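**Q** target.txt is the file, holding compact mmCIF, N, CA and C atoms:
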```txt
# COMPACT_ATOMS: atom_id res chain seq x y z
N MET A 1 34.06 138.98 86.42
CA MET A 1 35.30 138.47 86.91
C MET A 1 36.44 139.36 86.43
N ASN A 2 37.27 139.75 87.34
CA ASN A 2 38.38 140.64 87.03
C ASN A 2 39.64 139.81 86.85
N THR A 3 40.21 139.84 85.66
CA THR A 3 41.41 139.04 85.38
C THR A 3 42.60 139.97 85.19
N LYS A 4 43.22 140.39 86.25
CA LYS A 4 44.42 141.21 86.19
C LYS A 4 45.63 140.29 86.26
N ARG A 5 46.59 140.59 85.43
CA ARG A 5 47.85 139.83 85.47
C ARG A 5 48.87 140.65 86.24
N MET A 6 49.53 140.05 87.17
CA MET A 6 50.58 140.73 87.93
C MET A 6 51.90 140.54 87.19
N GLN A 7 52.65 141.60 87.09
CA GLN A 7 53.95 141.52 86.42
C GLN A 7 54.95 140.87 87.37
N LYS A 8 55.64 139.88 86.86
CA LYS A 8 56.65 139.20 87.65
C LYS A 8 57.96 139.23 86.87
N GLY A 9 59.05 139.72 87.50
CA GLY A 9 60.34 139.74 86.84
C GLY A 9 60.57 141.01 86.04
N PHE A 10 61.62 141.00 85.23
CA PHE A 10 62.02 142.15 84.44
C PHE A 10 61.85 141.82 82.96
N THR A 11 61.64 142.86 82.18
CA THR A 11 61.56 142.64 80.73
C THR A 11 62.96 142.59 80.17
N LEU A 12 63.08 142.11 78.95
CA LEU A 12 64.39 142.00 78.28
C LEU A 12 65.01 143.37 78.09
N ILE A 13 64.23 144.34 77.77
CA ILE A 13 64.76 145.70 77.56
C ILE A 13 65.31 146.26 78.87
N GLU A 14 64.64 146.06 79.97
CA GLU A 14 65.13 146.54 81.26
C GLU A 14 66.46 145.89 81.60
N LEU A 15 66.58 144.61 81.34
CA LEU A 15 67.85 143.92 81.61
C LEU A 15 68.96 144.42 80.71
N MET A 16 68.65 144.69 79.44
CA MET A 16 69.66 145.19 78.51
C MET A 16 70.13 146.59 78.91
N ILE A 17 69.24 147.42 79.42
CA ILE A 17 69.62 148.76 79.88
C ILE A 17 70.55 148.65 81.08
N VAL A 18 70.25 147.77 82.00
CA VAL A 18 71.10 147.58 83.17
C VAL A 18 72.49 147.09 82.76
N VAL A 19 72.55 146.15 81.84
CA VAL A 19 73.84 145.64 81.36
C VAL A 19 74.63 146.74 80.68
N ALA A 20 73.97 147.58 79.89
CA ALA A 20 74.66 148.69 79.22
C ALA A 20 75.21 149.68 80.24
N ILE A 21 74.44 149.99 81.26
CA ILE A 21 74.90 150.92 82.29
C ILE A 21 76.10 150.35 83.05
N VAL A 22 76.04 149.09 83.39
CA VAL A 22 77.18 148.45 84.08
C VAL A 22 78.41 148.46 83.18
N GLY A 23 78.23 148.20 81.90
CA GLY A 23 79.36 148.23 80.97
C GLY A 23 79.99 149.60 80.87
N ILE A 24 79.18 150.64 80.82
CA ILE A 24 79.70 152.01 80.76
C ILE A 24 80.46 152.35 82.03
N LEU A 25 79.89 152.02 83.18
CA LEU A 25 80.58 152.28 84.44
C LEU A 25 81.88 151.52 84.56
N ALA A 26 81.91 150.28 84.10
CA ALA A 26 83.14 149.49 84.14
C ALA A 26 84.22 150.08 83.24
N SER A 27 83.83 150.57 82.07
CA SER A 27 84.82 151.14 81.16
C SER A 27 85.42 152.42 81.71
N ILE A 28 84.68 153.12 82.55
CA ILE A 28 85.19 154.33 83.19
C ILE A 28 86.07 153.97 84.39
N ALA A 29 85.68 152.97 85.16
CA ALA A 29 86.37 152.63 86.40
C ALA A 29 87.67 151.86 86.16
N LEU A 30 87.75 151.08 85.10
CA LEU A 30 88.93 150.24 84.88
C LEU A 30 90.22 151.03 84.74
N PRO A 31 90.30 152.09 83.93
CA PRO A 31 91.56 152.86 83.86
C PRO A 31 91.92 153.50 85.20
N ALA A 32 90.92 153.98 85.92
CA ALA A 32 91.21 154.58 87.22
C ALA A 32 91.74 153.54 88.19
N TYR A 33 91.21 152.34 88.16
CA TYR A 33 91.68 151.27 89.03
C TYR A 33 93.10 150.86 88.66
N SER A 34 93.40 150.82 87.37
CA SER A 34 94.74 150.46 86.92
C SER A 34 95.77 151.46 87.43
N THR A 35 95.47 152.75 87.33
CA THR A 35 96.36 153.78 87.85
C THR A 35 96.52 153.65 89.36
N TYR A 36 95.43 153.36 90.03
CA TYR A 36 95.46 153.19 91.48
C TYR A 36 96.39 152.05 91.88
N THR A 37 96.32 150.92 91.20
CA THR A 37 97.17 149.78 91.56
C THR A 37 98.64 150.08 91.24
N ASP A 38 98.91 150.79 90.14
CA ASP A 38 100.29 151.15 89.82
C ASP A 38 100.88 152.06 90.89
N ARG A 39 100.09 153.02 91.34
CA ARG A 39 100.56 153.92 92.40
C ARG A 39 100.76 153.18 93.71
N ALA A 40 99.91 152.21 93.99
CA ALA A 40 100.06 151.42 95.21
C ALA A 40 101.35 150.60 95.17
N LYS A 41 101.66 150.03 94.02
CA LYS A 41 102.91 149.27 93.88
C LYS A 41 104.12 150.19 94.01
N PHE A 42 104.04 151.40 93.44
CA PHE A 42 105.19 152.31 93.50
C PHE A 42 105.40 152.86 94.90
N SER A 43 104.40 152.78 95.76
CA SER A 43 104.57 153.26 97.13
C SER A 43 105.66 152.46 97.85
N GLU A 44 105.89 151.23 97.44
CA GLU A 44 106.99 150.44 98.01
C GLU A 44 108.33 151.08 97.67
N VAL A 45 108.46 151.61 96.47
CA VAL A 45 109.69 152.28 96.05
C VAL A 45 109.91 153.55 96.88
N ILE A 46 108.84 154.31 97.06
CA ILE A 46 108.94 155.54 97.85
C ILE A 46 109.29 155.22 99.30
N ALA A 47 108.67 154.20 99.86
CA ALA A 47 108.93 153.82 101.25
C ALA A 47 110.36 153.33 101.45
N ALA A 48 110.96 152.76 100.42
CA ALA A 48 112.33 152.23 100.54
C ALA A 48 113.36 153.33 100.74
N THR A 49 113.01 154.58 100.41
CA THR A 49 113.95 155.68 100.62
C THR A 49 113.97 156.15 102.08
N GLY A 50 113.00 155.73 102.86
CA GLY A 50 112.87 156.18 104.24
C GLY A 50 114.09 155.98 105.12
N PRO A 51 114.68 154.78 105.16
CA PRO A 51 115.85 154.59 106.04
C PRO A 51 117.03 155.50 105.68
N ASN A 52 117.31 155.69 104.40
CA ASN A 52 118.42 156.55 104.01
C ASN A 52 118.11 158.01 104.32
N LYS A 53 116.87 158.39 104.12
CA LYS A 53 116.44 159.76 104.44
C LYS A 53 116.61 160.03 105.93
N THR A 54 116.18 159.09 106.75
CA THR A 54 116.31 159.23 108.20
C THR A 54 117.78 159.27 108.62
N ALA A 55 118.60 158.42 108.02
CA ALA A 55 120.03 158.39 108.38
C ALA A 55 120.70 159.72 108.07
N ILE A 56 120.37 160.33 106.94
CA ILE A 56 120.95 161.64 106.59
C ILE A 56 120.48 162.70 107.59
N GLU A 57 119.19 162.69 107.91
CA GLU A 57 118.67 163.68 108.85
C GLU A 57 119.30 163.55 110.23
N VAL A 58 119.50 162.31 110.69
CA VAL A 58 120.14 162.10 112.00
C VAL A 58 121.60 162.53 111.96
N ALA A 59 122.30 162.22 110.89
CA ALA A 59 123.71 162.60 110.77
C ALA A 59 123.87 164.12 110.73
N VAL A 60 122.95 164.80 110.08
CA VAL A 60 123.00 166.27 110.05
C VAL A 60 122.68 166.83 111.43
N ALA A 61 121.66 166.27 112.09
CA ALA A 61 121.26 166.76 113.41
C ALA A 61 122.35 166.57 114.45
N THR A 62 123.13 165.49 114.34
CA THR A 62 124.20 165.23 115.31
C THR A 62 125.53 165.85 114.90
N GLY A 63 125.56 166.54 113.76
CA GLY A 63 126.78 167.22 113.32
C GLY A 63 127.77 166.33 112.60
N GLN A 64 127.41 165.11 112.28
CA GLN A 64 128.33 164.23 111.56
C GLN A 64 128.47 164.64 110.10
N ILE A 65 127.42 165.23 109.53
CA ILE A 65 127.48 165.70 108.15
C ILE A 65 127.31 167.22 108.17
N THR A 66 128.29 167.92 107.59
CA THR A 66 128.17 169.36 107.44
C THR A 66 128.12 169.75 105.97
N ASP A 67 128.56 168.85 105.11
CA ASP A 67 128.52 169.08 103.67
C ASP A 67 127.72 167.94 103.04
N ILE A 68 126.73 168.25 102.27
CA ILE A 68 125.85 167.23 101.70
C ILE A 68 126.60 166.27 100.80
N ASP A 69 127.73 166.68 100.25
CA ASP A 69 128.53 165.80 99.40
C ASP A 69 129.12 164.62 100.18
N ASP A 70 129.06 164.70 101.52
CA ASP A 70 129.56 163.61 102.36
C ASP A 70 128.55 162.48 102.50
N ALA A 71 127.32 162.70 102.11
CA ALA A 71 126.27 161.70 102.30
C ALA A 71 126.23 160.75 101.11
N ASP A 72 126.92 159.63 101.25
CA ASP A 72 126.99 158.61 100.20
C ASP A 72 126.64 157.25 100.80
N ASP A 73 126.44 156.25 99.92
CA ASP A 73 126.23 154.89 100.40
C ASP A 73 127.39 154.47 101.29
N ALA A 74 127.11 153.64 102.26
CA ALA A 74 128.09 153.09 103.20
C ALA A 74 128.59 154.13 104.19
N ALA A 75 128.01 155.32 104.22
CA ALA A 75 128.40 156.32 105.20
C ALA A 75 127.19 156.62 106.09
N TYR A 76 127.43 156.72 107.40
CA TYR A 76 126.41 157.13 108.36
C TYR A 76 125.19 156.21 108.36
N GLY A 77 125.39 154.95 108.14
CA GLY A 77 124.30 153.99 108.18
C GLY A 77 123.46 153.92 106.91
N LEU A 78 123.90 154.58 105.84
CA LEU A 78 123.16 154.53 104.58
C LEU A 78 123.40 153.19 103.90
N LYS A 79 122.37 152.65 103.28
CA LYS A 79 122.50 151.35 102.64
C LYS A 79 121.97 151.42 101.22
N ALA A 80 122.69 150.79 100.33
CA ALA A 80 122.20 150.62 98.96
C ALA A 80 121.38 149.33 98.95
N LEU A 81 120.17 149.41 98.46
CA LEU A 81 119.29 148.25 98.43
C LEU A 81 119.19 147.69 97.03
N GLY A 82 119.13 146.37 96.94
CA GLY A 82 118.95 145.72 95.66
C GLY A 82 117.49 145.42 95.39
N ALA A 83 117.25 144.61 94.38
CA ALA A 83 115.89 144.30 93.95
C ALA A 83 115.10 143.57 95.02
N SER A 84 113.84 143.98 95.17
CA SER A 84 112.95 143.36 96.14
C SER A 84 111.53 143.77 95.79
N GLY A 85 110.70 142.83 95.44
CA GLY A 85 109.31 143.14 95.11
C GLY A 85 109.21 144.07 93.91
N TYR A 86 108.66 145.25 94.12
CA TYR A 86 108.50 146.24 93.05
C TYR A 86 109.65 147.23 93.00
N LEU A 87 110.70 146.98 93.78
CA LEU A 87 111.86 147.86 93.87
C LEU A 87 113.03 147.25 93.12
N THR A 88 113.68 148.07 92.28
CA THR A 88 114.90 147.61 91.60
C THR A 88 116.12 147.96 92.43
N SER A 89 116.22 149.23 92.87
CA SER A 89 117.38 149.63 93.67
C SER A 89 117.13 150.95 94.37
N VAL A 90 117.92 151.18 95.44
CA VAL A 90 117.98 152.46 96.14
C VAL A 90 119.45 152.76 96.35
N ALA A 91 119.88 153.94 95.94
CA ALA A 91 121.28 154.33 96.11
C ALA A 91 121.34 155.79 96.54
N THR A 92 122.39 156.11 97.31
CA THR A 92 122.58 157.49 97.78
C THR A 92 123.96 157.96 97.36
N ALA A 93 124.00 159.14 96.74
CA ALA A 93 125.27 159.75 96.32
C ALA A 93 125.15 161.26 96.50
N ASP A 94 126.07 161.83 97.26
CA ASP A 94 126.11 163.28 97.48
C ASP A 94 124.78 163.84 97.97
N GLY A 95 124.12 163.11 98.86
CA GLY A 95 122.87 163.59 99.44
C GLY A 95 121.67 163.44 98.53
N VAL A 96 121.81 162.73 97.44
CA VAL A 96 120.70 162.48 96.52
C VAL A 96 120.34 161.00 96.59
N ILE A 97 119.12 160.72 97.02
CA ILE A 97 118.63 159.34 97.13
C ILE A 97 117.85 159.03 95.86
N THR A 98 118.26 157.98 95.16
CA THR A 98 117.58 157.59 93.92
C THR A 98 117.04 156.19 94.08
N ALA A 99 115.71 156.06 93.93
CA ALA A 99 115.05 154.76 94.01
C ALA A 99 114.42 154.47 92.64
N THR A 100 114.57 153.23 92.19
CA THR A 100 114.05 152.84 90.88
C THR A 100 113.05 151.72 91.04
N GLY A 101 111.91 151.88 90.37
CA GLY A 101 110.86 150.87 90.39
C GLY A 101 111.10 149.78 89.38
N ALA A 102 110.60 148.58 89.68
CA ALA A 102 110.83 147.44 88.80
C ALA A 102 109.86 147.39 87.63
N ALA A 103 108.66 147.92 87.79
CA ALA A 103 107.63 147.75 86.77
C ALA A 103 108.00 148.43 85.46
N ASP A 104 108.27 149.73 85.50
CA ASP A 104 108.56 150.45 84.26
C ASP A 104 109.84 151.27 84.35
N GLY A 105 110.62 151.06 85.39
CA GLY A 105 111.88 151.78 85.54
C GLY A 105 111.72 153.22 86.01
N SER A 106 110.53 153.58 86.52
CA SER A 106 110.32 154.94 87.02
C SER A 106 111.24 155.19 88.21
N THR A 107 111.73 156.42 88.29
CA THR A 107 112.64 156.77 89.38
C THR A 107 111.98 157.77 90.32
N TYR A 108 112.37 157.67 91.57
CA TYR A 108 111.97 158.62 92.61
C TYR A 108 113.26 159.16 93.20
N ILE A 109 113.48 160.47 93.07
CA ILE A 109 114.74 161.08 93.48
C ILE A 109 114.46 162.12 94.56
N LEU A 110 115.16 161.98 95.69
CA LEU A 110 115.09 162.96 96.77
C LEU A 110 116.44 163.65 96.88
N THR A 111 116.41 164.98 96.86
CA THR A 111 117.64 165.76 96.96
C THR A 111 117.60 166.54 98.28
N ALA A 112 118.62 166.32 99.09
CA ALA A 112 118.69 166.96 100.41
C ALA A 112 119.35 168.32 100.33
N THR A 113 118.86 169.23 101.16
CA THR A 113 119.49 170.53 101.34
C THR A 113 119.74 170.71 102.82
N ILE A 114 121.00 170.96 103.17
CA ILE A 114 121.36 171.13 104.58
C ILE A 114 121.24 172.61 104.93
N PRO A 115 120.56 172.93 106.02
CA PRO A 115 120.44 174.33 106.43
C PRO A 115 121.79 174.87 106.88
N THR A 116 122.00 176.14 106.65
CA THR A 116 123.30 176.74 107.02
C THR A 116 123.36 177.09 108.51
N ALA A 117 122.25 177.49 109.09
CA ALA A 117 122.27 177.92 110.49
C ALA A 117 121.44 176.97 111.36
N GLY A 118 121.70 175.68 111.24
CA GLY A 118 120.93 174.72 112.02
C GLY A 118 119.54 174.54 111.42
N GLY A 119 118.76 173.72 112.05
CA GLY A 119 117.44 173.45 111.52
C GLY A 119 117.36 172.07 110.92
N ARG A 120 116.32 171.84 110.18
CA ARG A 120 116.13 170.50 109.63
C ARG A 120 116.46 170.44 108.15
N VAL A 121 116.75 169.25 107.71
CA VAL A 121 117.06 169.01 106.31
C VAL A 121 115.77 169.14 105.49
N THR A 122 115.88 169.80 104.35
CA THR A 122 114.72 169.88 103.46
C THR A 122 114.95 168.97 102.26
N TRP A 123 113.86 168.43 101.74
CA TRP A 123 113.95 167.47 100.65
C TRP A 123 113.17 167.98 99.45
N ALA A 124 113.75 167.81 98.27
CA ALA A 124 113.07 168.13 97.02
C ALA A 124 112.89 166.83 96.25
N ALA A 125 111.65 166.53 95.90
CA ALA A 125 111.35 165.29 95.17
C ALA A 125 111.33 165.57 93.67
N SER A 126 111.87 164.63 92.92
CA SER A 126 111.83 164.71 91.46
C SER A 126 111.91 163.28 90.92
N GLY A 127 112.03 163.16 89.63
CA GLY A 127 112.14 161.86 89.00
C GLY A 127 111.05 161.62 87.97
N THR A 128 111.15 160.50 87.28
CA THR A 128 110.19 160.20 86.23
C THR A 128 108.84 159.77 86.79
N CYS A 129 108.78 159.44 88.07
CA CYS A 129 107.49 159.04 88.67
C CYS A 129 106.48 160.17 88.67
N ILE A 130 106.95 161.40 88.70
CA ILE A 130 106.03 162.55 88.70
C ILE A 130 105.31 162.64 87.36
N ALA A 131 106.07 162.53 86.27
CA ALA A 131 105.45 162.59 84.93
C ALA A 131 104.55 161.37 84.69
N ASN A 132 104.90 160.23 85.29
CA ASN A 132 104.10 159.01 85.11
C ASN A 132 102.91 158.96 86.05
N GLY A 133 102.79 159.93 86.95
CA GLY A 133 101.66 159.97 87.88
C GLY A 133 101.73 158.94 88.98
N LEU A 134 102.92 158.52 89.36
CA LEU A 134 103.07 157.49 90.38
C LEU A 134 103.42 158.05 91.75
N CYS A 135 103.92 159.27 91.81
CA CYS A 135 104.28 159.85 93.12
C CYS A 135 103.83 161.28 93.21
```
Render the structure in this file as structure tokens.
**A**
Amino acid sequence: MNTKRMQKGFTLIELMIVVAIVGILASIALPAYSTYTDRAKFSEVIAATGPNKTAIEVAVATGQITDIDDADDAAYGLKALGASGYLTSVATADGVITATGAADGSTYILTATIPTAGGRVTWAASGTCIANGLC
């Protein structure tokens, strides 16, 4: 008579190895996920600069602005925005759009340059969001 036992289920060591592997993977993924969610929240701050950016570009294209120092809040459809969601504020002064995030006060700054012989406005991005890895 042949009495073979069939193995059913997992041993304790196999389960402990799986738990250890999942723990290692989680410890690696959690910081990356945290950075990902912070960047996703800050995208609201970046998007809030869009209307002012468009208003400056349209005003330059139609000849309403010839000197970038003329591009301020309340001119040419530019609006200063207050707190909303992850955004603290958006303000425009002398062609520089500054948006501030609510979470850690990171700033996103766009500086406009008007072409001398026609063409499109160019933008230079700066601010603390670059050092913080948010933009």
**Q** Would you return as a PyMOL selection string the members of chain A that DSSP assigns to helix (DSSP H, G or I) on this structure's backbone?
**A** chain A and resi 12-48+50-61+68-70+128-131
**Q** Looking only at strand (DSSP E) from DSSP on the backbone, list the matching residues of chain A as a count of residues only.
**A** 25
**Q** If I put a ball of radius 10 Å at (115.8, 162.0, 105.8) in the file's coordinates, which residues poke into it when counting only C-alpha atoms, written as a PDB file with N, CA and C atoms, in the frame of the given file?
**A**
```
ATOM      1  N   THR A  49     113.010 154.580 100.410  1.00  0.00           N
ATOM      2  CA  THR A  49     113.950 155.680 100.620  1.00  0.00           C
ATOM      3  C   THR A  49     113.970 156.150 102.080  1.00  0.00           C
ATOM      4  N   GLY A  50     113.000 155.730 102.860  1.00  0.00           N
ATOM      5  CA  GLY A  50     112.870 156.180 104.240  1.00  0.00           C
ATOM      6  C   GLY A  50     114.090 155.980 105.120  1.00  0.00           C
ATOM      7  N   PRO A  51     114.680 154.780 105.160  1.00  0.00           N
ATOM      8  CA  PRO A  51     115.850 154.590 106.040  1.00  0.00           C
ATOM      9  C   PRO A  51     117.030 155.500 105.680  1.00  0.00           C
ATOM     10  N   ASN A  52     117.310 155.690 104.400  1.00  0.00           N
ATOM     11  CA  ASN A  52     118.420 156.550 104.010  1.00  0.00           C
ATOM     12  C   ASN A  52     118.110 158.010 104.320  1.00  0.00           C
ATOM     13  N   LYS A  53     116.870 158.390 104.120  1.00  0.00           N
ATOM     14  CA  LYS A  53     116.440 159.760 104.440  1.00  0.00           C
ATOM     15  C   LYS A  53     116.610 160.030 105.930  1.00  0.00           C
ATOM     16  N   THR A  54     116.180 159.090 106.750  1.00  0.00           N
ATOM     17  CA  THR A  54     116.310 159.230 108.200  1.00  0.00           C
ATOM     18  C   THR A  54     117.780 159.270 108.620  1.00  0.00           C
ATOM     19  N   ALA A  55     118.600 158.420 108.020  1.00  0.00           N
ATOM     20  CA  ALA A  55     120.030 158.390 108.380  1.00  0.00           C
ATOM     21  C   ALA A  55     120.700 159.720 108.070  1.00  0.00           C
ATOM     22  N   ILE A  56     120.370 160.330 106.940  1.00  0.00           N
ATOM     23  CA  ILE A  56     120.950 161.640 106.590  1.00  0.00           C
ATOM     24  C   ILE A  56     120.480 162.700 107.590  1.00  0.00           C
ATOM     25  N   GLU A  57     119.190 162.690 107.910  1.00  0.00           N
ATOM     26  CA  GLU A  57     118.670 163.680 108.850  1.00  0.00           C
ATOM     27  C   GLU A  57     119.300 163.550 110.230  1.00  0.00           C
ATOM     28  N   VAL A  58     119.500 162.310 110.690  1.00  0.00           N
ATOM     29  CA  VAL A  58     120.140 162.100 112.000  1.00  0.00           C
ATOM     30  C   VAL A  58     121.600 162.530 111.960  1.00  0.00           C
ATOM     31  N   ALA A  59     122.300 162.220 110.890  1.00  0.00           N
ATOM     32  CA  ALA A  59     123.710 162.600 110.770  1.00  0.00           C
ATOM     33  C   ALA A  59     123.870 164.120 110.730  1.00  0.00           C
ATOM     34  N   VAL A  60     122.950 164.800 110.080  1.00  0.00           N
ATOM     35  CA  VAL A  60     123.000 166.270 110.050  1.00  0.00           C
ATOM     36  C   VAL A  60     122.680 166.830 111.430  1.00  0.00           C
ATOM     37  N   GLY A  95     124.120 163.110  98.860  1.00  0.00           N
ATOM     38  CA  GLY A  95     122.870 163.590  99.440  1.00  0.00           C
ATOM     39  C   GLY A  95     121.670 163.440  98.530  1.00  0.00           C
ATOM     40  N   ILE A  97     119.120 160.720  97.020  1.00  0.00           N
ATOM     41  CA  ILE A  97     118.630 159.340  97.130  1.00  0.00           C
ATOM     42  C   ILE A  97     117.850 159.030  95.860  1.00  0.00           C
ATOM     43  N   LEU A 110     115.160 161.980  95.690  1.00  0.00           N
ATOM     44  CA  LEU A 110     115.090 162.960  96.770  1.00  0.00           C
ATOM     45  C   LEU A 110     116.440 163.650  96.880  1.00  0.00           C
ATOM     46  N   THR A 111     116.410 164.980  96.860  1.00  0.00           N
ATOM     47  CA  THR A 111     117.640 165.760  96.960  1.00  0.00           C
ATOM     48  C   THR A 111     117.600 166.540  98.280  1.00  0.00           C
ATOM     49  N   ALA A 112     118.620 166.320  99.090  1.00  0.00           N
ATOM     50  CA  ALA A 112     118.690 166.960 100.410  1.00  0.00           C
ATOM     51  C   ALA A 112     119.350 168.320 100.330  1.00  0.00           C
ATOM     52  N   ARG A 120     116.320 171.840 110.180  1.00  0.00           N
ATOM     53  CA  ARG A 120     116.130 170.500 109.630  1.00  0.00           C
ATOM     54  C   ARG A 120     116.460 170.440 108.150  1.00  0.00           C
ATOM     55  N   VAL A 121     116.750 169.250 107.710  1.00  0.00           N
ATOM     56  CA  VAL A 121     117.060 169.010 106.310  1.00  0.00           C
ATOM     57  C   VAL A 121     115.770 169.140 105.490  1.00  0.00           C
ATOM     58  N   THR A 122     115.880 169.800 104.350  1.00  0.00           N
ATOM     59  CA  THR A 122     114.720 169.880 103.460  1.00  0.00           C
ATOM     60  C   THR A 122     114.950 168.970 102.260  1.00  0.00           C
ATOM     61  N   TRP A 123     113.860 168.430 101.740  1.00  0.00           N
ATOM     62  CA  TRP A 123     113.950 167.470 100.650  1.00  0.00           C
ATOM     63  C   TRP A 123     113.170 167.980  99.450  1.00  0.00           C
TER      64      TRP A 123
END
```
**Q** Just the number, please: distance in Å from atom CA of Thr116 of chain A to atom CA of Asp70 of chain A, one decimal.
**A**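 Rounded to one decimal, the two atoms are 15.3 Å apart.
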**Q** Hey, could you make a per-residue contact list for segment 10-62 of chain A against segment 130-134 of chain A with 7 Å as the cut-off, showing the nearest pair of atoms and its distance in Å to one decimal, counting all atoms listed in the file, sorted by chain and number, as JSON lines?
**A**
```
{"residue": "A:Asp38", "atom": "C", "partner": "A:Leu134", "partner_atom": "CA", "distance": 5.9}
{"residue": "A:Arg39", "atom": "CA", "partner": "A:Leu134", "partner_atom": "CA", "distance": 4.8}
{"residue": "A:Phe42", "atom": "CA", "partner": "A:Leu134", "partner_atom": "C", "distance": 6.3}
{"residue": "A:Ser43", "atom": "N", "partner": "A:Leu134", "partner_atom": "C", "distance": 6.7}
```
**Q** Would you compute the distance between atom CA of Val22 of chain A and atom CA of Met6 of chain A? Give it in Å to one decimal.
**A**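 Interatomic distance, atom CA of Val22 of chain A to atom CA of Met6 of chain A: 28.0 Å.
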**Q** A:Ile24, A:Ala71, A:Ala93, A:Val45: which is nearest Tyr108 of chain A, counting all atoms listed in the file?
**A** A:Val45
**Q** Neighbours of Val90 of chain A within 7 Å (all atoms listed in the file; same-chain residues fewer than 2 positions away dropped), as an MDAnalysis selection string?
**A** chainID A and resid 48:49 79:83 87:88 92 97:100
**Q** Please provide as a CSV table (one decimal) with N, CA and C atoms, keeping the file's coordinate frame all residues within 8 Å of Lys41 of chain A, with the sequence filter that same-chain residues fewer than 5 positions apart are discarded (counting only N, CA and C atoms).
**A**
```csv
chain,number,residue,atom,x,y,z
A,35,THR,N,95.5,152.8,87.3
A,35,THR,CA,96.4,153.8,87.8
A,35,THR,C,96.5,153.6,89.4
A,36,TYR,N,95.4,153.4,90.0
A,36,TYR,CA,95.5,153.2,91.5
A,36,TYR,C,96.4,152.0,91.9
A,46,ILE,N,108.8,154.3,97.1
A,46,ILE,CA,108.9,155.5,97.8
A,46,ILE,C,109.3,155.2,99.3
A,85,GLY,N,110.7,142.8,95.4
A,85,GLY,CA,109.3,143.1,95.1
A,85,GLY,C,109.2,144.1,93.9
A,86,TYR,N,108.7,145.2,94.1
A,86,TYR,CA,108.5,146.2,93.0
A,86,TYR,C,109.6,147.2,93.0
A,87,LEU,N,110.7,147.0,93.8
A,87,LEU,CA,111.9,147.9,93.9
A,87,LEU,C,113.0,147.2,93.1
A,101,GLY,N,111.9,151.9,90.4
A,101,GLY,CA,110.9,150.9,90.4
A,101,GLY,C,111.1,149.8,89.4
A,102,ALA,N,110.6,148.6,89.7
A,102,ALA,CA,110.8,147.4,88.8
A,102,ALA,C,109.9,147.4,87.6
```
**Q** Expressed in Å to a single decimal, how great is the separation between atom CA of Pro115 of chain A and atom CA of Asp94 of chain A?
**A** 15.3 Å
